[in-house]
>>> print(open('entry-v2.cif').read())   # mmCIF, C-alpha atoms and all ligand atoms
data_input
loop_
_atom_site.label_atom_id
_atom_site.label_comp_id
_atom_site.auth_asym_id
_atom_site.auth_seq_id
_atom_site.Cartn_x
_atom_site.Cartn_y
_atom_site.Cartn_z
CA MET A 17 -16.94 -13.43 -51.06
CA ARG A 18 -17.60 -14.40 -47.42
CA ARG A 19 -16.86 -11.91 -44.61
CA PRO A 20 -13.76 -12.53 -42.43
CA VAL A 21 -14.35 -13.86 -38.91
CA GLU A 22 -11.90 -13.04 -36.13
CA PHE A 23 -10.59 -15.76 -33.85
CA PHE A 24 -11.24 -13.81 -30.66
CA ARG A 25 -12.35 -10.41 -29.37
CA HIS A 26 -12.32 -9.46 -25.68
CA CYS A 27 -15.29 -7.90 -23.87
CA LEU A 28 -13.40 -5.15 -22.02
CA GLY A 29 -15.20 -1.78 -22.16
CA PRO A 30 -16.24 1.33 -20.20
CA ALA A 31 -16.64 -0.50 -16.85
CA GLU A 32 -13.03 -1.69 -16.97
CA VAL A 33 -11.80 1.75 -18.11
CA GLU A 34 -13.61 3.39 -15.17
CA SER A 35 -12.24 0.83 -12.73
CA VAL A 36 -8.65 1.27 -13.95
CA THR A 37 -9.02 5.07 -13.88
CA LYS A 38 -10.06 4.86 -10.23
CA THR A 39 -7.05 2.71 -9.43
CA LEU A 40 -4.66 5.04 -11.27
CA GLY A 41 -5.99 7.88 -9.12
CA SER A 42 -5.15 5.96 -5.93
CA ILE A 43 -1.82 5.37 -4.16
CA PHE A 44 -1.41 1.72 -5.17
CA ILE A 45 -0.75 0.46 -8.67
CA THR A 46 1.21 -2.63 -7.62
CA LEU A 47 0.21 -5.37 -5.14
CA GLY A 48 -2.34 -3.45 -3.04
CA PRO A 49 -5.96 -3.39 -1.89
CA ARG A 50 -7.58 -4.09 -5.28
CA VAL A 51 -5.69 -7.38 -5.52
CA GLY A 52 -7.18 -8.24 -2.11
CA ASP A 53 -10.65 -7.21 -3.34
CA PHE A 54 -10.27 -9.39 -6.41
CA GLU A 55 -8.98 -12.36 -4.41
CA ALA A 56 -11.97 -12.18 -2.04
CA ALA A 57 -14.52 -11.77 -4.86
CA PHE A 58 -13.03 -14.55 -7.00
CA ALA A 59 -12.83 -16.91 -4.00
CA ALA A 60 -16.52 -16.26 -3.29
CA LEU A 61 -17.43 -16.88 -6.93
CA LEU A 62 -15.51 -20.18 -6.98
CA GLY A 63 -16.73 -21.23 -3.54
CA VAL A 64 -13.19 -21.71 -2.17
CA GLU A 65 -11.51 -20.43 0.98
CA HIS A 66 -8.51 -18.63 -0.54
CA VAL A 67 -7.35 -17.11 -3.81
CA VAL A 68 -3.83 -15.77 -4.37
CA GLY A 69 -3.43 -13.33 -7.28
CA LEU A 70 -0.40 -14.07 -9.45
CA ALA A 71 1.35 -12.91 -12.61
CA SER A 72 0.16 -15.74 -14.87
CA CYS A 73 -1.17 -19.28 -14.90
CA SER A 74 2.33 -20.44 -15.84
CA MET A 75 3.76 -18.94 -12.63
CA SER A 76 0.73 -20.18 -10.65
CA LEU A 77 1.59 -23.76 -11.60
CA VAL A 78 5.24 -23.22 -10.65
CA LEU A 79 4.31 -21.71 -7.29
CA ALA A 80 1.76 -24.45 -6.58
CA LEU A 81 4.39 -27.14 -7.09
CA ARG A 82 6.99 -25.22 -5.07
CA ALA A 83 4.60 -24.49 -2.20
CA LEU A 84 3.50 -28.15 -2.10
CA GLY A 85 7.13 -29.18 -1.71
CA ILE A 86 7.70 -30.72 -5.14
CA GLY A 87 11.21 -30.42 -6.56
CA PRO A 88 14.28 -32.22 -7.90
CA GLY A 89 13.95 -35.99 -8.13
CA ASP A 90 10.14 -35.87 -8.06
CA GLU A 91 7.79 -36.89 -10.86
CA VAL A 92 4.65 -34.99 -11.82
CA ILE A 93 2.04 -36.79 -13.91
CA THR A 94 0.21 -34.66 -16.44
CA THR A 95 -1.46 -34.75 -19.85
CA PRO A 96 0.32 -34.25 -23.17
CA MET A 97 -2.83 -32.51 -24.47
CA THR A 98 -2.15 -29.08 -23.00
CA PHE A 99 -0.20 -25.87 -23.46
CA VAL A 100 3.52 -26.25 -22.69
CA ALA A 101 3.10 -24.18 -19.50
CA THR A 102 1.75 -27.28 -17.72
CA PRO A 103 4.74 -29.64 -18.08
CA ASN A 104 7.14 -26.68 -18.03
CA ALA A 105 6.07 -25.89 -14.46
CA ALA A 106 7.36 -29.30 -13.34
CA LEU A 107 10.65 -28.65 -15.14
CA GLN A 108 10.93 -25.17 -13.59
CA VAL A 109 10.94 -26.66 -10.07
CA GLY A 110 13.43 -29.37 -11.09
CA ALA A 111 10.87 -32.20 -11.27
CA ARG A 112 10.23 -34.52 -14.22
CA PRO A 113 6.96 -34.34 -16.14
CA VAL A 114 5.53 -37.81 -16.80
CA PHE A 115 2.73 -37.96 -19.32
CA ALA A 116 -0.45 -40.03 -19.08
CA ASP A 117 -2.55 -40.48 -22.22
CA ILE A 118 -6.00 -38.95 -22.77
CA ASP A 119 -9.50 -40.19 -23.32
CA PRO A 120 -9.69 -39.76 -27.11
CA ARG A 121 -13.34 -38.67 -26.97
CA SER A 122 -12.95 -35.69 -24.63
CA GLY A 123 -9.20 -35.01 -24.86
CA LEU A 124 -9.01 -35.09 -21.04
CA ILE A 125 -6.41 -36.99 -19.03
CA ASP A 126 -7.47 -40.61 -18.46
CA PRO A 127 -7.42 -41.55 -14.74
CA GLU A 128 -6.54 -45.18 -15.56
CA GLN A 129 -3.48 -44.01 -17.47
CA VAL A 130 -2.56 -41.76 -14.54
CA GLU A 131 -2.64 -44.66 -12.12
CA ALA A 132 -0.54 -46.77 -14.50
CA ALA A 133 2.12 -44.02 -14.65
CA ILE A 134 2.63 -43.79 -10.85
CA THR A 135 6.11 -44.74 -9.57
CA PRO A 136 7.72 -44.39 -6.12
CA ARG A 137 8.95 -40.94 -7.24
CA THR A 138 5.50 -39.59 -8.20
CA ARG A 139 4.47 -36.64 -6.01
CA ALA A 140 1.68 -34.90 -7.90
CA ILE A 141 -0.95 -35.13 -10.62
CA VAL A 142 -1.66 -32.02 -12.70
CA ALA A 143 -4.98 -32.25 -14.56
CA VAL A 144 -6.04 -29.77 -17.25
CA GLY A 145 -9.57 -28.47 -17.87
CA LEU A 146 -9.15 -28.78 -21.62
CA TYR A 147 -11.36 -26.42 -23.69
CA GLY A 148 -13.43 -25.68 -20.56
CA GLN A 149 -14.33 -29.17 -19.35
CA LEU A 150 -13.55 -30.49 -15.89
CA ALA A 151 -11.35 -33.60 -15.95
CA ASP A 152 -12.56 -36.50 -13.81
CA HIS A 153 -11.61 -34.84 -10.51
CA ARG A 154 -13.43 -37.40 -8.39
CA ALA A 155 -11.41 -40.27 -9.85
CA LEU A 156 -8.18 -38.27 -9.78
CA ARG A 157 -8.72 -37.23 -6.15
CA THR A 158 -9.30 -40.88 -5.18
CA ILE A 159 -6.08 -41.94 -6.95
CA ALA A 160 -4.14 -39.04 -5.42
CA ASP A 161 -5.34 -39.90 -1.90
CA ARG A 162 -4.66 -43.62 -2.37
CA HIS A 163 -1.04 -42.90 -3.37
CA ARG A 164 -0.52 -39.83 -1.11
CA LEU A 165 -0.08 -37.49 -4.06
CA ARG A 166 -1.00 -33.85 -4.49
CA LEU A 167 -3.70 -32.96 -7.01
CA ILE A 168 -3.35 -29.71 -8.95
CA ASP A 169 -5.66 -28.50 -11.70
CA ASP A 170 -4.64 -26.27 -14.59
CA ALA A 171 -7.96 -24.44 -14.99
CA ALA A 172 -6.71 -21.92 -17.55
CA HIS A 173 -9.73 -22.87 -19.71
CA SER A 174 -12.24 -23.94 -17.11
CA ILE A 175 -13.16 -21.29 -14.50
CA GLU A 176 -16.90 -21.92 -14.86
CA ALA A 177 -16.83 -25.70 -15.36
CA THR A 178 -18.83 -28.22 -13.35
CA ALA A 179 -19.08 -32.02 -13.68
CA ASP A 180 -20.22 -34.91 -11.47
CA GLY A 181 -21.79 -32.41 -9.05
CA ILE A 182 -18.55 -30.51 -8.37
CA ARG A 183 -17.07 -27.24 -9.54
CA THR A 184 -13.58 -26.29 -10.64
CA ALA A 185 -11.34 -25.87 -7.58
CA ALA A 186 -13.51 -27.99 -5.26
CA LEU A 187 -11.26 -31.07 -5.01
CA PRO A 188 -7.67 -30.20 -6.06
CA ASP A 189 -5.13 -29.01 -3.47
CA ALA A 190 -4.47 -26.04 -5.76
CA THR A 191 -6.20 -24.79 -8.91
CA ALA A 192 -4.40 -22.48 -11.35
CA PHE A 193 -6.17 -19.85 -13.47
CA SER A 194 -5.05 -17.76 -16.43
CA PHE A 195 -6.16 -14.21 -17.21
CA TYR A 196 -4.26 -14.19 -20.52
CA ALA A 197 -5.68 -12.07 -23.37
CA THR A 198 -8.02 -14.73 -24.82
CA LYS A 199 -9.25 -16.29 -21.59
CA ASN A 200 -12.82 -16.16 -20.25
CA LEU A 201 -11.66 -13.66 -17.61
CA THR A 202 -8.79 -11.45 -18.76
CA CYS A 203 -6.51 -8.56 -17.91
CA GLY A 204 -4.04 -9.13 -20.77
CA ASP A 205 -1.80 -11.27 -18.58
CA GLY A 206 -2.40 -12.48 -15.06
CA GLY A 207 -3.23 -15.55 -13.03
CA ALA A 208 -4.35 -16.90 -9.66
CA LEU A 209 -4.31 -19.97 -7.46
CA ALA A 210 -7.33 -21.18 -5.51
CA VAL A 211 -6.45 -23.21 -2.40
CA HIS A 212 -8.24 -24.52 0.69
CA ASP A 213 -5.40 -24.60 3.22
CA PRO A 214 -4.60 -21.26 4.98
CA GLU A 215 -0.95 -22.24 5.49
CA LEU A 216 -0.56 -22.98 1.80
CA CYS A 217 -2.15 -19.61 1.05
CA ALA A 218 0.32 -17.82 3.35
CA ARG A 219 3.28 -19.65 1.75
CA LEU A 220 2.09 -18.67 -1.74
CA LYS A 221 1.75 -15.03 -0.69
CA SER A 222 5.36 -15.12 0.50
CA LEU A 223 6.63 -16.98 -2.60
CA ARG A 224 4.99 -14.47 -4.96
CA ASN A 225 7.00 -11.68 -3.32
CA HIS A 226 10.58 -13.06 -3.20
CA GLY A 227 9.89 -14.86 0.07
CA ILE A 228 10.04 -11.61 2.05
CA THR A 229 7.94 -10.90 5.09
CA LYS A 230 6.11 -7.74 3.98
CA ASP A 231 4.54 -6.48 0.77
CA ALA A 232 4.29 -2.82 -0.29
CA ALA A 233 0.73 -2.34 0.98
CA SER A 234 1.45 -3.65 4.46
CA ARG A 235 4.59 -1.42 4.68
CA TYR A 236 2.55 1.67 3.73
CA GLY A 237 1.44 4.14 6.38
CA GLN A 238 3.50 2.67 9.22
CA ALA A 239 6.77 3.75 10.80
CA TYR A 240 9.57 2.02 8.90
CA ARG A 241 10.20 -1.54 10.05
CA HIS A 242 12.77 -3.88 8.62
CA TRP A 243 11.52 -6.85 6.63
CA ASP A 244 13.31 -10.16 6.33
CA MET A 245 13.60 -12.80 3.60
CA LEU A 246 12.62 -16.28 4.74
CA GLU A 247 12.95 -18.35 1.56
CA LEU A 248 13.84 -17.99 -2.11
CA GLY A 249 10.73 -16.77 -3.90
CA TYR A 250 9.73 -15.11 -7.17
CA LYS A 251 8.46 -11.76 -8.40
CA ALA A 252 5.09 -13.12 -9.45
CA ALA A 253 2.17 -11.20 -7.96
CA LEU A 254 -0.91 -9.82 -9.69
CA ASN A 255 -1.05 -6.01 -9.41
CA ASP A 256 -3.83 -3.53 -8.64
CA ILE A 257 -4.17 -2.37 -12.26
CA GLN A 258 -4.75 -5.96 -13.39
CA ALA A 259 -7.17 -6.54 -10.48
CA ALA A 260 -9.05 -3.38 -11.46
CA ILE A 261 -9.58 -4.81 -14.97
CA LEU A 262 -10.68 -8.20 -13.62
CA LEU A 263 -13.17 -7.08 -10.94
CA PRO A 264 -15.92 -5.64 -13.21
CA GLN A 265 -15.94 -8.84 -15.31
CA LEU A 266 -16.85 -11.21 -12.48
CA PRO A 267 -20.63 -10.53 -12.47
CA HIS A 268 -20.76 -11.23 -16.24
CA LEU A 269 -18.89 -14.54 -16.32
CA GLU A 270 -21.95 -16.80 -16.32
CA VAL A 271 -23.90 -14.73 -18.89
CA ARG A 272 -20.89 -14.79 -21.20
CA ARG A 273 -20.40 -18.52 -20.66
CA ALA A 274 -24.06 -19.06 -21.63
CA ARG A 275 -23.55 -16.96 -24.78
CA ARG A 276 -20.55 -19.10 -25.76
CA GLN A 277 -22.58 -22.24 -25.04
CA ALA A 278 -25.36 -21.09 -27.40
CA LEU A 279 -22.74 -20.47 -30.12
CA VAL A 280 -21.20 -23.92 -29.54
CA GLU A 281 -24.66 -25.51 -29.80
CA ARG A 282 -25.17 -23.76 -33.12
CA TYR A 283 -21.76 -24.95 -34.36
CA GLU A 284 -22.63 -28.50 -33.30
CA GLN A 285 -26.06 -28.35 -34.92
CA GLU A 286 -24.58 -27.16 -38.22
CA LEU A 287 -21.69 -29.64 -38.16
CA LYS A 288 -23.63 -32.69 -36.96
CA GLY A 289 -23.30 -35.61 -39.31
CA HIS A 290 -20.57 -34.01 -41.47
CA GLU A 291 -18.73 -36.97 -42.93
CA HIS A 292 -15.22 -35.51 -42.49
CA ILE A 293 -15.58 -33.35 -39.36
CA GLY A 294 -15.68 -34.85 -35.86
CA LEU A 295 -16.86 -33.20 -32.63
CA VAL A 296 -15.25 -33.53 -29.20
CA THR A 297 -17.42 -35.13 -26.50
CA ARG A 298 -17.89 -32.89 -23.46
CA ARG A 299 -17.86 -33.83 -19.76
CA GLY A 300 -20.38 -31.99 -17.59
CA THR A 301 -21.15 -28.30 -18.03
CA SER A 302 -18.27 -26.80 -19.97
CA ALA A 303 -16.86 -23.32 -19.46
CA HIS A 304 -16.74 -23.30 -23.30
CA HIS A 305 -13.39 -21.59 -23.55
CA LEU A 306 -12.51 -23.04 -26.96
CA PHE A 307 -14.53 -24.74 -29.69
CA THR A 308 -12.54 -27.36 -31.55
CA VAL A 309 -13.29 -29.87 -34.29
CA GLN A 310 -11.39 -32.88 -35.52
CA VAL A 311 -10.57 -33.45 -39.19
CA PRO A 312 -8.48 -36.25 -40.73
CA ALA A 313 -4.82 -35.78 -39.74
CA THR A 314 -3.76 -36.06 -43.40
CA ILE A 315 -5.59 -32.84 -44.32
CA ARG A 316 -5.51 -30.86 -41.03
CA ASP A 317 -2.74 -28.45 -42.04
CA ASP A 318 -4.29 -27.91 -45.48
CA VAL A 319 -7.62 -27.13 -43.81
CA LEU A 320 -5.89 -24.59 -41.55
CA ALA A 321 -4.39 -22.98 -44.65
CA GLY A 322 -7.78 -23.04 -46.39
CA LEU A 323 -9.43 -21.31 -43.41
CA GLY A 324 -6.62 -18.75 -43.45
CA ARG A 325 -7.23 -18.04 -47.15
CA ARG A 326 -10.90 -17.49 -46.31
CA GLN A 327 -9.94 -15.09 -43.48
CA ILE A 328 -11.33 -17.27 -40.74
CA GLY A 329 -9.24 -17.02 -37.55
CA CYS A 330 -8.18 -20.45 -36.34
CA ALA A 331 -5.62 -22.11 -34.09
CA VAL A 332 -4.41 -25.51 -32.91
CA ASN A 333 -4.96 -26.42 -29.26
CA TYR A 334 -2.72 -28.36 -29.11
CA ARG A 335 -0.15 -30.46 -30.87
CA ALA A 336 0.55 -33.07 -28.16
CA VAL A 337 3.35 -31.74 -25.96
CA HIS A 338 5.38 -34.99 -26.03
CA THR A 339 5.71 -34.59 -29.83
CA LEU A 340 7.37 -31.16 -29.53
CA ARG A 341 11.11 -31.16 -30.12
CA TYR A 342 12.20 -30.06 -26.65
CA PHE A 343 10.22 -32.82 -24.95
CA ARG A 344 11.23 -35.43 -27.53
CA ASP A 345 14.89 -34.58 -26.89
CA LEU A 346 14.55 -34.29 -23.12
CA LEU A 347 12.36 -37.30 -22.41
CA GLY A 348 13.08 -39.46 -25.47
CA HIS A 349 9.42 -39.72 -26.47
CA VAL A 350 8.00 -40.79 -29.81
CA PRO A 351 4.42 -39.89 -30.78
CA GLU A 352 3.26 -43.50 -30.28
CA ASP A 353 4.12 -43.33 -26.56
CA PHE A 354 0.79 -41.54 -26.04
CA PRO A 355 -1.11 -42.47 -29.20
CA HIS A 356 -4.47 -40.95 -28.28
CA ALA A 357 -2.94 -37.54 -27.51
CA ALA A 358 -0.71 -37.64 -30.61
CA GLY A 359 -3.66 -38.48 -32.88
CA PHE A 360 -5.98 -35.96 -31.21
CA GLY A 361 -3.35 -33.23 -31.58
CA ASP A 362 -2.83 -34.06 -35.27
CA ARG A 363 -6.55 -33.76 -36.02
CA THR A 364 -7.60 -30.75 -33.96
CA ILE A 365 -8.58 -27.28 -35.19
CA THR A 366 -9.89 -24.45 -32.99
CA LEU A 367 -12.57 -22.21 -34.51
CA PRO A 368 -13.66 -18.67 -33.51
CA LEU A 369 -15.55 -18.47 -30.20
CA PHE A 370 -16.15 -15.44 -27.98
CA PRO A 371 -19.28 -13.97 -26.35
CA ASP A 372 -19.84 -11.24 -28.96
CA LEU A 373 -19.37 -13.53 -31.98
CA ALA A 374 -22.45 -12.98 -34.14
CA PRO A 375 -24.52 -16.19 -34.33
CA ASP A 376 -24.61 -15.85 -38.12
CA ASP A 377 -20.82 -15.84 -38.15
CA VAL A 378 -20.98 -19.44 -36.96
CA SER A 379 -22.62 -20.29 -40.31
CA VAL A 380 -19.92 -18.30 -42.12
CA VAL A 381 -17.21 -20.31 -40.33
CA VAL A 382 -18.97 -23.63 -40.94
CA GLY A 383 -19.37 -22.82 -44.66
CA ALA A 384 -15.69 -21.91 -44.94
CA LEU A 385 -14.66 -25.03 -43.02
CA ASP A 386 -16.75 -27.27 -45.24
CA GLU A 387 -15.19 -25.71 -48.34
CA ALA A 388 -11.66 -25.92 -46.90
CA VAL A 389 -12.15 -29.60 -46.03
CA ARG A 390 -13.47 -30.47 -49.49
CA GLU A 391 -10.71 -28.51 -51.16
CA ALA A 392 -8.06 -30.23 -49.00
CA LEU A 393 -9.51 -33.65 -49.80
CA ALA A 394 -9.44 -32.81 -53.48
CA GLY A 395 -5.89 -31.45 -53.08
CA ARG A 396 -6.50 -28.10 -54.79
CA PRO A 397 -6.08 -24.89 -52.72
CA ALA A 398 -7.72 -21.65 -53.94
CA ALA A 399 -6.06 -18.17 -53.88
CA GLY A 400 -6.80 -15.39 -51.31
CA GLY A 401 -5.69 -13.58 -48.09
CA ALA A 402 -4.84 -14.88 -44.60
CA ALA A 403 -6.31 -14.59 -41.09
CA GLY A 404 -4.43 -14.80 -37.81
CA GLY A 405 -5.13 -17.20 -34.97
CA THR A 406 -3.70 -17.38 -31.48
CA ARG A 407 -2.86 -20.08 -29.02
C1 LIG B 1 -4.02 -25.02 -20.60
C2 LIG B 1 -3.17 -23.82 -20.33
N1 LIG B 1 -2.33 -23.84 -19.30
C3 LIG B 1 -1.55 -22.79 -18.99
C4 LIG B 1 -1.58 -21.64 -19.75
C5 LIG B 1 -0.65 -20.52 -19.42
O1 LIG B 1 -1.36 -19.39 -19.03
P1 LIG B 1 -0.60 -18.00 -18.84
O2 LIG B 1 -0.45 -17.40 -20.20
O3 LIG B 1 -1.56 -17.21 -17.97
O4 LIG B 1 0.67 -18.27 -18.16
C6 LIG B 1 -2.45 -21.57 -20.85
C7 LIG B 1 -2.48 -20.34 -21.67
O5 LIG B 1 -2.72 -20.28 -22.82
C8 LIG B 1 -3.27 -22.67 -21.15
O6 LIG B 1 -4.10 -22.64 -22.20
#
>>> encode(input="entry-v2.cif", output="structure tokens", more="lines below")
Ligand SMILES: Cc1ncc(COP(=O)(O)O)c(C=O)c1O
Amino acid sequence: MRRPVEFFRHCLGPAEVESVTKTLGSIFITLGPRVGDFEAAFAALLGVEHVVGLASCSMSLVLALRALGIGPGDEVITTPMTFVATPNAALQVGARPVFADIDPRSGLIDPEQVEAAITPRTRAIVAVGLYGQLADHRALRTIADRHRLRLIDDAAHSIEATADGIRTAALPDATAFSFYATKNLTCGDGGALAVHDPELCARLKSLRNHGITKDAASRYGQAYRHWDMLELGYKAALNDIQAAILLPQLPHLEVRRARRQALVERYEQELKGHEHIGLVTRRGTSAHHLFTVQVPATIRDDVLAGLGRRQIGCAVNYRAVHTLRYFRDLLGHVPEDFPHAAGFGDRTITLPLFPDLAPDDVSVVVGALDEAVREALAGRPAAGGAAGGTR
């Protein structure tokens, strides 16, 4: 019997415990000085002017669209190969998500399809750094500038990505990050936006705090002064406890990315040439957030079940968003509207990947996957337990 392999395990340890303990001993546990420390350190790491700490990547995307003036009647072009948070952000601000199909080799949004989807109502393009790769930001920036559109990147997977000589957050007007439990940088839940424009940064800092003129930290220690509300905002800031968990991880990001890369290379070496398992082509240097393979659509769900019986954690990232019921009903889509994304989403399986995954566990997963594929092709499942995955 093979050993079980978990889908994901975080790297939080004594450094984060010490950092949180220090914060709990201080005055601020909400939006205070540690959020500022994190914003400055993360901005320096990304090489951008400003970072705004927020409650999640989902809210970061909403605030980016709001702060860039996108709302009812506007169209936002994005990829169907993403988590629902990406198109949902457009809906949350009253805009309409318009999908553009992917490059079937990488799973990334195809700039030619983006340009073909532009209408007089288009106001923004939202790219996604799927699995840790940077989409073609140079081409997307050129298209955005030619049509006077905003470019936003959903970098939930791709903090450390580079491609074509540029890094995540270099070219978009706003780049959204997730610090959700399974992300490369995590505090359970949290997010941030990286921006270049100081006015946009100031607007985001107001929007994350109900649109009022002062936050708790800047009210502290002064004689009471009335604050005002200037616009309708949200309760959506990162807090000092979350920032305290994030700060000690920053110096380790690249080492951990390199560890994930070595594991991915081992997966690819062991899977190369497998007649029923396809690999996704990567653009540039990936952040290696997720490792996915492609199997024939006819057996994908049986293979997932087979991996579960062998106690191998697995997930699906993602079934194409336009094939989900809400979007089918709302936008009237059929899978064939974006055939590459629909097919990609029907074939994809995400396998375990995290910095402390034992290299030998890669062989365990590959052995189980090979068995599950053969069993699915032969149409005869074996008995056993189940393993959980996550999104
Ligand atoms: C591509 C993508 N976008 C957005 C999100 C939403 O992130 P959060 O959970 O921080 O809101 C996720 C999270 O899984 C994601 O994978």
>>> closest_atom_pairs(input="entry-v2.cif", of="chain A", to="ligand LIG 1 (chain B)", cutoff="7 Å", atoms="only C-alpha atoms and all ligand atoms", output="tab-separated table")
residue	atom	partner	partner_atom	distance
A:Ser72	CA	B:LIG1	O3	3.8
A:Cys73	CA	B:LIG1	O3	3.7
A:Ser74	CA	B:LIG1	O4	3.6
A:Met75	CA	B:LIG1	O4	6.4
A:Thr98	CA	B:LIG1	C1	5.1
A:Phe99	CA	B:LIG1	C2	4.8
A:Ala101	CA	B:LIG1	C3	4.9
A:Thr102	CA	B:LIG1	N1	5.6
A:Val144	CA	B:LIG1	C1	6.2
A:Leu146	CA	B:LIG1	C1	6.4
A:Asp170	CA	B:LIG1	N1	5.8
A:Ala171	CA	B:LIG1	C1	6.9
A:Ala172	CA	B:LIG1	C2	4.9
A:His173	CA	B:LIG1	O6	6.2
A:Phe193	CA	B:LIG1	O3	7.0
A:Ser194	CA	B:LIG1	O3	3.9
A:Phe195	CA	B:LIG1	O3	5.5
A:Tyr196	CA	B:LIG1	O3	4.8
A:Asp205	CA	B:LIG1	O3	6.0
A:Gly206	CA	B:LIG1	O3	5.6
A:Gly207	CA	B:LIG1	O3	5.5
A:Arg407	CA	B:LIG1	O5	6.2
>>> atom_distance(input="entry-v2.cif", atom1="CA of Met97 in chain A", atom2="CA of Gly181 in chain A")
24.4 Å
>>> closest_residue(input="entry-v2.cif", among="A:Val68, A:Val380, A:Val319, A:Ile93", to="Thr364 in chain A", atoms="only C-alpha atoms")
A:Val319
>>> residues_around(input="entry-v2.cif", residues="Ala80 in chain A", least_positions_apart="3", cutoff="8 Å", atoms="all atoms listed in the file", output="PyMOL selection string")
chain A and resi 76-77+83-84+168+190+209+220
>>> write_last_selection(input="entry-v2.cif", atoms="C-alpha atoms", output="mmCIF file, in the coordinates of the input")
data_model
loop_
_atom_site.group_PDB
_atom_site.id
_atom_site.type_symbol
_atom_site.label_atom_id
_atom_site.label_comp_id
_atom_site.auth_asym_id
_atom_site.auth_seq_id
_atom_site.Cartn_x
_atom_site.Cartn_y
_atom_site.Cartn_z
ATOM 1 C CA SER A 76 0.730 -20.180 -10.650
ATOM 2 C CA LEU A 77 1.590 -23.760 -11.600
ATOM 3 C CA ALA A 83 4.600 -24.490 -2.200
ATOM 4 C CA LEU A 84 3.500 -28.150 -2.100
ATOM 5 C CA ILE A 168 -3.350 -29.710 -8.950
ATOM 6 C CA ALA A 190 -4.470 -26.040 -5.760
ATOM 7 C CA LEU A 209 -4.310 -19.970 -7.460
ATOM 8 C CA LEU A 220 2.090 -18.670 -1.740
#
>>> closest_residue(input="entry-v2.cif", among="A:Thr339, A:Gln129, A:Ser302, A:Thr135", to="Gly361 in chain A", atoms="only C-alpha atoms")
A:Thr339
>>> closest_residue(input="entry-v2.cif", among="A:Lys38, A:Ala116, A:Ala278, A:Gln149", to="Asp353 in chain A", atoms="only C-alpha atoms")
A:Ala116
>>> residues_around(input="entry-v2.cif", residues="Gly110 in chain A", least_positions_apart="5", cutoff="12 Å", atoms="all atoms listed in the file", output="list in words")
Val78, Leu81, Arg82, Gly85, Ile86, Gly87, Pro88, Gly89, Asp90, Glu91, Val92, Pro103, Asn104 and Ala105 of chain A
>>> residues_near_point(input="entry-v2.cif", point="(-15.3, 1.3, -19.1)", cutoff="12 Å", atoms="all atoms listed in the file", output="ChimeraX atom specification")
/A:27-38,260-265
